[in-house]
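Colleague: Okay, so here is data-v1.txt, and as you'll see once you scroll down, it has compact mmCIF, C-alpha atoms.
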```txt
# COMPACT_ATOMS: atom_id res chain seq x y z
CA MET A 1 -92.55 103.84 47.42
CA LYS A 2 -91.71 102.26 50.76
CA PHE A 3 -90.70 98.62 51.18
CA SER A 4 -91.87 95.97 53.62
CA LEU A 5 -91.40 92.26 54.24
CA PHE A 6 -94.22 89.69 54.31
CA VAL A 7 -92.81 86.68 56.14
CA HIS A 8 -93.92 83.53 57.97
CA MET A 9 -92.40 80.46 59.50
CA GLU A 10 -92.79 77.53 57.07
CA ARG A 11 -91.45 74.02 56.78
CA SER A 12 -91.83 70.79 54.84
CA ASP A 13 -89.33 68.81 56.95
CA LEU A 14 -90.83 67.70 60.26
CA ALA A 15 -87.34 67.10 61.63
CA LYS A 16 -86.59 70.84 61.67
CA PRO A 17 -87.56 72.35 65.05
CA HIS A 18 -90.02 75.22 65.12
CA SER A 19 -87.59 77.05 67.40
CA ASP A 20 -85.11 77.17 64.50
CA LEU A 21 -87.80 78.65 62.26
CA LEU A 22 -88.46 81.38 64.84
CA THR A 23 -84.78 82.27 64.91
CA GLU A 24 -84.75 82.49 61.10
CA LEU A 25 -87.88 84.68 61.12
CA GLU A 26 -86.18 87.05 63.54
CA GLU A 27 -83.04 87.19 61.38
CA LEU A 28 -84.99 88.17 58.26
CA VAL A 29 -86.95 90.88 60.10
CA LEU A 30 -83.78 92.32 61.66
CA LEU A 31 -82.14 92.38 58.23
CA ALA A 32 -85.14 94.27 56.85
CA GLU A 33 -85.13 96.72 59.75
CA ALA A 34 -81.42 97.47 59.35
CA ALA A 35 -82.07 98.26 55.69
CA GLY A 36 -84.82 100.77 56.52
CA PHE A 37 -87.87 98.69 55.60
CA GLU A 38 -91.15 100.28 56.64
CA ALA A 39 -92.80 97.16 58.09
CA ALA A 40 -92.77 93.41 58.59
CA TRP A 41 -96.10 91.63 58.07
CA ILE A 42 -97.20 88.31 59.61
CA GLY A 43 -100.58 86.71 58.94
CA GLU A 44 -102.85 84.23 60.69
CA HIS A 45 -103.03 80.56 59.68
CA HIS A 46 -104.08 77.36 61.38
CA GLY A 47 -103.22 73.67 61.16
CA MET A 48 -100.68 73.88 58.33
CA GLU A 49 -96.89 73.73 58.28
CA PHE A 50 -97.09 75.50 54.90
CA THR A 51 -97.71 78.76 56.79
CA ILE A 52 -97.13 78.67 60.56
CA SER A 53 -98.77 81.52 62.48
CA PRO A 54 -101.71 80.65 64.75
CA ASN A 55 -101.74 84.16 66.29
CA PRO A 56 -99.64 86.90 64.67
CA PHE A 57 -99.84 89.05 67.80
CA ILE A 58 -97.58 86.53 69.56
CA ASN A 59 -94.98 86.81 66.79
CA ILE A 60 -95.31 90.59 66.86
CA ALA A 61 -94.81 90.75 70.63
CA TYR A 62 -91.70 88.61 70.28
CA LEU A 63 -90.30 90.74 67.46
CA ALA A 64 -91.15 93.97 69.29
CA ALA A 65 -88.51 93.14 71.90
CA LYS A 66 -85.91 92.49 69.19
CA THR A 67 -86.55 95.57 67.02
CA LYS A 68 -86.67 99.34 67.45
CA THR A 69 -87.97 101.11 64.34
CA ILE A 70 -89.68 98.72 61.93
CA ARG A 71 -93.48 98.65 62.07
CA LEU A 72 -95.03 95.26 62.79
CA GLY A 73 -98.26 94.34 61.04
CA THR A 74 -100.80 91.56 60.88
CA GLY A 75 -100.92 90.48 57.28
CA THR A 76 -103.67 89.49 57.95
CA ILE A 77 -106.01 88.68 60.86
CA ILE A 78 -108.85 86.39 59.73
CA ALA A 79 -111.84 88.45 60.88
CA PRO A 80 -114.49 85.72 61.28
CA PHE A 81 -112.22 83.76 63.65
CA TRP A 82 -112.29 86.62 66.20
CA HIS A 83 -114.76 88.31 68.54
CA PRO A 84 -114.56 92.12 68.27
CA ILE A 85 -113.79 92.59 71.98
CA LYS A 86 -111.01 90.02 71.88
CA LEU A 87 -109.50 91.44 68.69
CA ALA A 88 -109.67 95.06 69.88
CA GLY A 89 -107.99 94.18 73.18
CA GLU A 90 -105.23 91.99 71.73
CA ALA A 91 -104.45 94.49 68.98
CA ALA A 92 -104.28 97.31 71.52
CA MET A 93 -101.97 95.26 73.74
CA ALA A 94 -99.73 94.60 70.73
CA ASP A 95 -99.65 98.34 70.05
CA VAL A 96 -98.61 98.99 73.65
CA ILE A 97 -95.89 96.31 73.48
CA THR A 98 -94.51 97.65 70.18
CA GLY A 99 -94.54 101.24 71.42
CA GLY A 100 -97.09 102.28 68.81
CA ARG A 101 -95.68 100.35 65.86
CA LEU A 102 -98.68 98.11 65.12
CA ASP A 103 -100.43 98.00 61.74
CA LEU A 104 -103.63 95.95 61.87
CA GLY A 105 -104.31 94.10 58.62
CA ILE A 106 -107.67 92.34 58.41
CA ALA A 107 -109.11 89.94 55.81
CA ARG A 108 -112.00 87.57 55.40
CA GLY A 109 -109.61 84.61 55.01
CA ALA A 110 -109.12 82.46 51.96
CA TYR A 111 -108.43 78.80 52.77
CA SER A 112 -111.52 76.58 52.91
CA TYR A 113 -109.19 74.17 54.78
CA GLU A 114 -109.18 76.64 57.69
CA TYR A 115 -112.88 77.51 57.46
CA GLN A 116 -113.70 73.81 57.62
CA ARG A 117 -111.76 73.39 60.87
CA VAL A 118 -112.14 76.67 62.72
CA PHE A 119 -115.60 77.79 61.55
CA PRO A 120 -117.47 74.88 59.87
CA GLY A 121 -120.08 76.03 57.38
CA LEU A 122 -118.53 79.45 56.81
CA ASP A 123 -118.32 80.62 53.22
CA ALA A 124 -116.51 83.54 51.62
CA TRP A 125 -119.62 85.75 51.61
CA GLY A 126 -120.30 85.23 55.32
CA ALA A 127 -116.62 85.78 56.10
CA GLY A 128 -116.62 89.05 54.18
CA GLN A 129 -119.74 90.29 55.98
CA ARG A 130 -118.13 89.57 59.33
CA MET A 131 -115.05 91.54 58.30
CA ARG A 132 -117.24 94.52 57.40
CA GLU A 133 -118.97 94.38 60.78
CA ILE A 134 -115.88 93.90 62.92
CA ILE A 135 -113.86 96.91 61.69
CA PRO A 136 -116.17 99.71 62.95
CA ALA A 137 -116.72 97.68 66.12
CA ILE A 138 -112.98 97.63 66.86
CA ARG A 139 -112.74 101.40 66.55
CA GLY A 140 -115.80 101.81 68.76
CA LEU A 141 -114.21 99.63 71.42
CA TRP A 142 -110.98 101.64 71.23
CA ASP A 143 -113.04 104.83 71.75
CA GLY A 144 -114.72 103.15 74.73
CA ASP A 145 -118.16 102.48 76.21
CA TYR A 146 -119.22 101.04 72.89
CA GLU A 147 -122.41 98.98 72.57
CA HIS A 148 -122.85 96.71 69.57
CA SER A 149 -125.98 95.20 68.10
CA GLY A 150 -125.04 93.70 64.76
CA GLU A 151 -125.89 90.72 62.62
CA PHE A 152 -123.06 88.56 63.99
CA TRP A 153 -122.14 90.04 67.39
CA GLN A 154 -124.09 91.72 70.17
CA PHE A 155 -122.70 93.04 73.46
CA PRO A 156 -123.41 95.77 76.04
CA PRO A 157 -121.26 98.91 76.46
CA THR A 158 -117.63 97.82 76.55
CA THR A 159 -114.23 99.52 76.43
CA SER A 160 -111.10 97.90 75.04
CA SER A 161 -108.62 97.27 77.82
CA PRO A 162 -105.91 98.26 77.18
CA LYS A 163 -106.29 101.05 74.66
CA PRO A 164 -103.79 101.47 71.82
CA VAL A 165 -100.87 103.90 71.95
CA GLN A 166 -101.48 105.33 68.47
CA LYS A 167 -104.12 108.07 68.27
CA PRO A 168 -106.82 107.98 67.29
CA TYR A 169 -106.18 104.35 66.26
CA PRO A 170 -103.52 102.08 64.82
CA PRO A 171 -103.77 101.99 61.01
CA ILE A 172 -106.25 99.36 59.79
CA TRP A 173 -105.49 97.72 56.46
CA VAL A 174 -108.11 95.77 54.49
CA ALA A 175 -107.11 92.99 52.12
CA ALA A 176 -109.10 93.90 49.01
CA ARG A 177 -109.64 92.29 45.62
CA ASP A 178 -113.13 92.94 44.25
CA PRO A 179 -114.47 96.50 43.75
CA ASN A 180 -116.82 96.23 46.74
CA SER A 181 -113.91 95.47 49.08
CA HIS A 182 -111.98 98.47 47.78
CA ASP A 183 -115.04 100.68 48.22
CA PHE A 184 -115.62 99.44 51.77
CA ALA A 185 -111.98 100.06 52.71
CA VAL A 186 -111.91 103.62 51.35
CA ALA A 187 -115.35 104.51 52.75
CA ASN A 188 -114.23 103.32 56.20
CA GLN A 189 -110.89 105.18 56.04
CA CYS A 190 -108.81 102.02 55.96
CA GLN A 191 -105.57 101.45 54.11
CA VAL A 192 -105.61 98.79 51.39
CA GLN A 193 -103.53 95.65 50.82
CA VAL A 194 -103.66 93.92 47.44
CA THR A 195 -101.94 90.94 45.86
CA PRO A 196 -102.21 89.63 42.30
CA LEU A 197 -100.83 86.27 43.52
CA ALA A 198 -99.40 84.85 40.28
CA SER A 199 -101.73 86.65 37.87
CA GLY A 200 -99.17 89.14 36.59
CA ASP A 201 -98.92 92.82 35.81
CA GLY A 202 -102.34 93.04 34.16
CA GLU A 203 -103.89 92.20 37.52
CA VAL A 204 -101.54 94.66 39.28
CA ALA A 205 -102.87 97.44 37.06
CA SER A 206 -106.47 96.28 37.49
CA LEU A 207 -106.18 96.29 41.29
CA MET A 208 -104.97 99.89 41.16
CA GLU A 209 -107.88 100.82 38.88
CA ARG A 210 -110.34 99.35 41.40
CA PHE A 211 -108.67 101.31 44.19
CA ASN A 212 -108.70 104.57 42.22
CA THR A 213 -112.38 104.07 41.36
CA ALA A 214 -113.16 103.65 45.05
CA CYS A 215 -111.21 106.80 45.90
CA GLN A 216 -113.09 108.76 43.23
CA ALA A 217 -116.39 107.56 44.67
CA HIS A 218 -115.48 109.10 48.05
CA PRO A 219 -113.94 112.51 47.26
CA ASP A 220 -114.55 113.72 50.82
CA ILE A 221 -112.18 111.07 52.23
CA ALA A 222 -108.41 111.52 52.08
CA ARG A 223 -106.75 108.97 49.80
CA PRO A 224 -105.58 106.02 51.91
CA GLU A 225 -102.32 104.18 51.31
CA ILE A 226 -102.24 101.09 49.13
CA MET A 227 -99.74 98.25 49.48
CA LEU A 228 -98.83 95.76 46.74
CA LEU A 229 -97.75 92.29 47.91
CA MET A 230 -95.81 90.08 45.48
CA HIS A 231 -93.34 87.23 45.54
CA THR A 232 -90.05 88.93 44.75
CA PHE A 233 -86.62 87.35 44.39
CA VAL A 234 -83.40 88.92 43.22
CA ALA A 235 -81.05 86.55 41.38
CA GLU A 236 -77.27 86.62 41.13
CA ASP A 237 -77.37 85.74 37.43
CA ALA A 238 -79.56 84.15 34.77
CA ALA A 239 -78.92 80.62 36.04
CA ASP A 240 -79.94 81.62 39.56
CA ALA A 241 -83.11 83.22 38.18
CA GLU A 242 -83.97 79.99 36.41
CA ARG A 243 -83.53 77.98 39.62
CA LEU A 244 -85.73 80.42 41.50
CA THR A 245 -88.39 80.18 38.79
CA GLN A 246 -88.50 76.39 38.99
CA ASP A 247 -88.75 76.44 42.79
CA LEU A 248 -91.48 79.10 42.85
CA SER A 249 -93.44 77.08 40.29
CA GLN A 250 -93.42 74.14 42.71
CA PHE A 251 -94.38 76.43 45.60
CA TYR A 252 -97.39 77.83 43.74
CA CYS A 253 -98.58 74.36 42.82
CA GLN A 254 -98.56 73.56 46.55
CA PHE A 255 -100.35 76.86 47.18
CA GLY A 256 -103.02 75.93 44.65
CA ALA A 257 -103.46 72.48 46.15
CA TRP A 258 -104.03 73.95 49.63
CA PHE A 259 -106.74 76.19 48.18
CA GLN A 260 -108.43 73.26 46.48
CA ASN A 261 -108.56 71.48 49.87
CA LYS A 262 -108.84 68.04 48.32
CA LYS A 263 -105.57 66.29 49.22
CA PRO A 264 -104.81 64.49 52.48
CA VAL A 265 -102.86 66.39 55.13
CA ARG A 266 -100.68 64.51 57.62
CA GLN A 267 -99.05 66.28 60.57
CA GLY A 268 -99.84 69.60 58.92
CA ILE A 269 -98.11 68.70 55.64
CA LEU A 270 -99.90 68.24 52.33
CA ALA A 271 -99.48 64.92 50.52
CA PRO A 272 -96.99 65.18 47.61
CA LEU A 273 -98.45 66.35 44.32
CA THR A 274 -98.56 63.95 41.39
CA GLU A 275 -97.31 64.91 37.93
CA GLY A 276 -100.91 64.95 36.78
CA GLU A 277 -101.95 67.36 39.52
CA ILE A 278 -99.08 69.68 38.65
CA ALA A 279 -99.97 69.51 34.94
CA ALA A 280 -103.56 70.44 35.85
CA MET A 281 -102.30 73.85 37.09
CA PRO A 282 -100.73 75.33 33.91
CA GLN A 283 -101.13 78.83 35.38
CA TYR A 284 -98.20 77.93 37.66
CA ALA A 285 -95.94 76.50 34.97
CA PRO A 286 -92.38 77.91 35.11
CA ASP A 287 -92.84 80.19 32.09
CA LYS A 288 -95.94 81.74 33.66
CA ILE A 289 -94.25 82.10 37.04
CA ARG A 290 -91.24 83.86 35.50
CA GLN A 291 -93.55 86.24 33.67
CA ASN A 292 -95.98 86.94 36.51
CA LEU A 293 -93.80 87.04 39.62
CA VAL A 294 -90.92 89.44 40.20
CA ILE A 295 -87.92 87.16 39.66
CA GLY A 296 -84.72 88.30 37.98
CA GLU A 297 -81.44 90.14 38.29
CA ALA A 298 -81.42 93.49 40.04
CA ASP A 299 -81.96 95.66 36.96
CA GLN A 300 -84.96 93.59 35.92
CA VAL A 301 -86.49 93.83 39.40
CA ILE A 302 -85.91 97.60 39.51
CA ALA A 303 -87.66 98.06 36.17
CA ARG A 304 -90.75 96.12 37.34
CA LEU A 305 -90.94 97.99 40.64
CA LYS A 306 -90.58 101.37 38.94
CA THR A 307 -93.77 100.63 36.98
CA TYR A 308 -95.62 99.85 40.21
CA GLU A 309 -94.35 103.03 41.81
CA ALA A 310 -95.52 105.02 38.77
CA GLN A 311 -98.98 103.46 39.06
CA GLY A 312 -99.28 104.93 42.56
CA TYR A 313 -98.49 102.12 44.97
CA ASP A 314 -97.32 103.54 48.30
CA GLN A 315 -95.76 100.40 49.73
CA TYR A 316 -94.29 97.34 48.07
CA SER A 317 -94.15 94.21 50.21
CA ILE A 318 -91.73 91.38 49.41
CA TRP A 319 -93.54 88.08 49.91
CA ILE A 320 -90.62 85.89 50.88
CA ASP A 321 -92.51 82.67 51.80
CA SER A 322 -91.50 80.26 49.08
CA GLY A 323 -90.40 76.85 50.35
CA LEU A 324 -86.81 77.98 49.76
CA SER A 325 -84.11 77.45 52.36
CA HIS A 326 -83.42 80.22 54.83
CA GLU A 327 -80.03 80.88 53.26
CA ARG A 328 -81.55 81.36 49.80
CA LYS A 329 -84.20 83.72 51.16
CA LYS A 330 -81.54 85.69 52.99
CA LYS A 331 -79.33 85.90 49.90
CA SER A 332 -82.18 87.27 47.80
CA LEU A 333 -83.15 89.79 50.48
CA ARG A 334 -79.57 91.02 50.75
CA LEU A 335 -79.36 91.42 46.97
CA PHE A 336 -82.61 93.41 47.09
CA ILE A 337 -81.22 95.66 49.83
CA ASP A 338 -77.83 96.17 48.17
CA LYS A 339 -78.80 96.41 44.51
CA VAL A 340 -82.49 97.32 44.25
CA MET A 341 -83.29 99.68 47.12
CA PRO A 342 -80.69 102.31 46.14
CA ALA A 343 -82.72 102.94 42.96
CA PHE A 344 -85.62 104.21 45.13
CA GLN A 345 -84.52 107.39 46.87
CA GLU A 346 -87.41 107.49 49.30
CA ALA A 347 -87.29 103.75 50.16
CA GLY A 348 -87.55 103.11 53.84
CA SER A 349 -88.21 106.73 54.82
CA ARG A 350 -90.61 107.30 57.68
```
Once you've parsed the file, please lay out its structure as structure tokens.

Modeller:
Amino acid sequence: MKFSLFVHMERSDLAKPHSDLLTELEELVLLAEAAGFEAAWIGEHHGMEFTISPNPFINIAYLAAKTKTIRLGTGTIIAPFWHPIKLAGEAAMADVITGGRLDLGIARGAYSYEYQRVFPGLDAWGAGQRMREIIPAIRGLWDGDYEHSGEFWQFPPTTSSPKPVQKPYPPIWVAARDPNSHDFAVANQCQVQVTPLASGDGEVASLMERFNTACQAHPDIARPEIMLLMHTFVAEDAADAERLTQDLSQFYCQFGAWFQNKKPVRQGILAPLTEGEIAAMPQYAPDKIRQNLVIGEADQVIARLKTYEAQGYDQYSIWIDSGLSHERKKKSLRLFIDKVMPAFQEAGSR
């Protein structure tokens, strides 16, 4: 099982410059690269300081000049916010800039807050249908002289300029949850990204079952890779684990409030949650967070990850966004590198 880092700029203090956040992002990615991580993933988000990344290709181009071996992925592009020609060209340019290290993760998107602002009237179904249409179109554009007449986009013969370095294409990863998404990904020879969020190990196992079912339905297609994304923090001791649990509980309550899209947002920051609003999200209470996320001392983290490796996950991505300070993130990542990774002999191999 290979390891990767899922990381964004984030802030709740408007006094902290975004330039400082970029420097911290770079430091975490360089730390991961030095440890032999397979990839660093950066997604797309708009209008929120909670997750700052209006175009992950810009971040990737910046990081490409600072790194040498780590793959750089979009985790993920929001498909309905892009035109196929624009996405194919920008992804190909990112692949050229990285020297063939791009992984292209694509999703339908999840925040109604973003749909409301970038694509008013869009719903999850329409977003998912656009994702299914855009993926074959991107590959057609990379092949060249591709004409498209679909439900959402139509254009005459067009060739992506530039074309990607990787042949035949950069890997495309689909963020999948329901069985239909898994089936689409496998049928279209895409890799798969999954996250249980804070639903726990039962959901981790269920996601793998959905993936395996999709693979069995397409025996003529080689099994793609599957990546598991989870919030993961290695603690120094029991007291440190308790502090991390409390802080991740607060983070997930914020996460839930963004999804509900009901609270006022000022300067990209969500209004503070009331005690009643927090109590209304018992699924994110500290005891649930400790049970369902990967938080603990090194031996506890190793044991959890060994079960995921045994289930067949090819890549495990540490979701480090958390509202924690940069120093606390860095401390946890270093503990993971020093005390967890040695238990996985093939970690970081390429």

Colleague: Skip Phe3 in chain A itself and residues of its chain fewer than 3 positions away, then list as a ChimeraX atom specification all residues within 9 Å of it, counting all atoms listed in the file.

Modeller: /A:36-39,314-318,341,347-348

Colleague: May I ask which of the residues A:Ile58, A:Ser160, A:Val204, A:Ile135 is the closest one to Asn188 in chain A, counting all atoms listed in the file?

Modeller: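 Between A:Ile58, A:Ser160, A:Val204, A:Ile135, the residue approaching Asn188 in chain A most closely is A:Ile135.
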
Colleague: For range 64-76 of chain A, take all atoms listed in the file, fit an axis-aligned box around them, add 5 Å to each of the six sides, then output centre and edge lengths in Å rounded to one decimal, as JSON.

Modeller:
```
{"center_x": -94.8, "center_y": 95.3, "center_z": 64.6, "size_x": 27.8, "size_y": 21.6, "size_z": 24.6}
```

Colleague: Find the residue from A:Glu327, A:Glu236, A:Glu133, A:Glu275 that sits nearest to Leu25 in chain A; use all atoms listed in the file when measuring.

Modeller: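 Checking each candidate against Leu25 in chain A, we get A:Glu327 as the closest.
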
Colleague: In Å, rounded to a single decimal, give me how far CA of Ile97 in chain A is from CA of Trp41 in chain A.

Modeller: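 CA of Trp41 in chain A sits 16.1 Å away from CA of Ile97 in chain A.
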
Colleague: Looking at all atoms listed in the file, which of A:Phe336, A:Ala239, A:Glu309, A:Tyr113 is the one that sits closest to Lys263 in chain A?

Modeller: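 Among the listed residues, the smallest separation from Lys263 in chain A belongs to A:Tyr113.
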
Colleague: Could you give me, as a PDB file with C-alpha atoms, in the coordinates of the input, the residues within 10 Å of Ala271 in chain A, counting only C-alpha atoms and dropping anything in the same chain fewer than 5 positions from it?

Modeller:
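Below is the file around.pdb, written as the result:
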```
ATOM      1  CA  GLN A 254     -98.560  73.560  46.550  1.00  0.00           C
ATOM      2  CA  ALA A 257    -103.460  72.480  46.150  1.00  0.00           C
ATOM      3  CA  LYS A 263    -105.570  66.290  49.220  1.00  0.00           C
ATOM      4  CA  PRO A 264    -104.810  64.490  52.480  1.00  0.00           C
ATOM      5  CA  VAL A 265    -102.860  66.390  55.130  1.00  0.00           C
ATOM      6  CA  ARG A 266    -100.680  64.510  57.620  1.00  0.00           C
TER       7      ARG A 266
END
```

Colleague: For Ala303 in chain A, which residue among A:Phe251, A:Phe50, A:Phe344, A:Trp319 is the nearest when counting only C-alpha atoms?

Modeller: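 Looking at the shortest contact to Ala303 in chain A, the residue is A:Phe344.
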
Colleague: Writing C-alpha atoms and nothing else, produce range 55-147 of chain A as a compact mmCIF listing (two decimals), in the first residue's frame.

Modeller:
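So out.txt came out as:
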```txt
# COMPACT_ATOMS: atom_id res chain seq x y z
CA ASN A 55 -7.62 26.07 -9.50
CA PRO A 56 -5.46 23.11 -8.39
CA PHE A 57 -3.43 23.26 -11.60
CA ILE A 58 -1.90 26.52 -10.39
CA ASN A 59 -0.84 24.90 -7.11
CA ILE A 60 0.47 21.89 -9.02
CA ALA A 61 2.52 24.06 -11.38
CA TYR A 62 4.02 25.86 -8.39
CA LEU A 63 4.84 22.61 -6.60
CA ALA A 64 6.25 21.05 -9.77
CA ALA A 65 9.14 23.52 -9.66
CA LYS A 66 9.84 22.67 -6.01
CA THR A 67 9.69 18.86 -6.27
CA LYS A 68 11.31 16.09 -8.31
CA THR A 69 9.68 12.71 -7.72
CA ILE A 70 6.30 13.01 -6.00
CA ARG A 71 3.26 12.79 -8.26
CA LEU A 72 0.91 15.77 -8.15
CA GLY A 73 -2.81 15.16 -8.41
CA THR A 74 -6.09 17.03 -8.54
CA GLY A 75 -8.13 15.74 -5.67
CA THR A 76 -10.49 16.66 -7.28
CA ILE A 77 -11.49 18.82 -10.26
CA ILE A 78 -15.21 19.70 -10.12
CA ALA A 79 -16.30 18.46 -13.55
CA PRO A 80 -19.40 20.63 -14.14
CA PHE A 81 -17.37 23.81 -13.59
CA TRP A 82 -15.19 23.06 -16.64
CA HIS A 83 -15.51 22.87 -20.42
CA PRO A 84 -13.90 19.70 -21.81
CA ILE A 85 -11.53 21.61 -24.11
CA LYS A 86 -10.37 23.85 -21.29
CA LEU A 87 -9.91 20.96 -18.87
CA ALA A 88 -8.05 18.77 -21.39
CA GLY A 89 -5.67 21.61 -22.28
CA GLU A 90 -4.95 22.75 -18.72
CA ALA A 91 -4.44 19.19 -17.49
CA ALA A 92 -2.08 18.47 -20.39
CA MET A 93 -0.12 21.65 -19.65
CA ALA A 94 0.16 20.60 -16.01
CA ASP A 95 1.47 17.21 -17.16
CA VAL A 96 4.10 18.95 -19.31
CA ILE A 97 5.12 21.23 -16.43
CA THR A 98 5.41 18.33 -13.97
CA GLY A 99 7.38 16.21 -16.42
CA GLY A 100 4.65 13.58 -16.58
CA ARG A 101 3.76 13.49 -12.88
CA LEU A 102 0.10 14.55 -13.12
CA ASP A 103 -2.78 12.45 -11.77
CA LEU A 104 -6.16 13.86 -12.80
CA GLY A 105 -8.83 13.32 -10.15
CA ILE A 106 -12.37 14.28 -11.17
CA ALA A 107 -15.60 14.51 -9.17
CA ARG A 108 -19.09 15.88 -9.50
CA GLY A 109 -18.53 18.24 -6.54
CA ALA A 110 -20.29 18.17 -3.22
CA TYR A 111 -20.90 21.63 -1.75
CA SER A 112 -24.25 23.20 -2.65
CA TYR A 113 -22.57 26.45 -1.51
CA GLU A 114 -20.33 26.22 -4.59
CA TYR A 115 -23.06 25.04 -6.96
CA GLN A 116 -25.18 28.01 -5.90
CA ARG A 117 -22.42 30.46 -6.81
CA VAL A 118 -20.61 28.92 -9.76
CA PHE A 119 -23.44 27.00 -11.46
CA PRO A 120 -26.85 28.14 -10.10
CA GLY A 121 -29.54 25.48 -10.41
CA LEU A 122 -27.12 22.57 -10.65
CA ASP A 123 -27.97 19.52 -8.59
CA ALA A 124 -25.98 16.40 -7.74
CA TRP A 125 -27.59 14.34 -10.52
CA GLY A 126 -26.80 16.90 -13.21
CA ALA A 127 -23.27 17.28 -11.87
CA GLY A 128 -22.73 13.53 -11.99
CA GLN A 129 -23.99 13.32 -15.59
CA ARG A 130 -21.59 16.04 -16.63
CA MET A 131 -18.72 14.15 -15.02
CA ARG A 132 -19.64 11.04 -16.99
CA GLU A 133 -19.68 13.01 -20.24
CA ILE A 134 -16.48 14.96 -19.71
CA ILE A 135 -14.12 12.02 -19.03
CA PRO A 136 -14.32 10.32 -22.46
CA ALA A 137 -14.27 13.77 -24.06
CA ILE A 138 -10.95 14.61 -22.37
CA ARG A 139 -9.33 11.44 -23.69
CA GLY A 140 -10.72 12.15 -27.16
CA LEU A 141 -9.21 15.63 -27.09
CA TRP A 142 -5.85 14.21 -25.98
CA ASP A 143 -5.99 11.78 -28.95
CA GLY A 144 -6.79 14.74 -31.21
CA ASP A 145 -9.23 15.84 -33.92
CA TYR A 146 -12.07 14.90 -31.63
CA GLU A 147 -15.64 16.05 -32.33
```
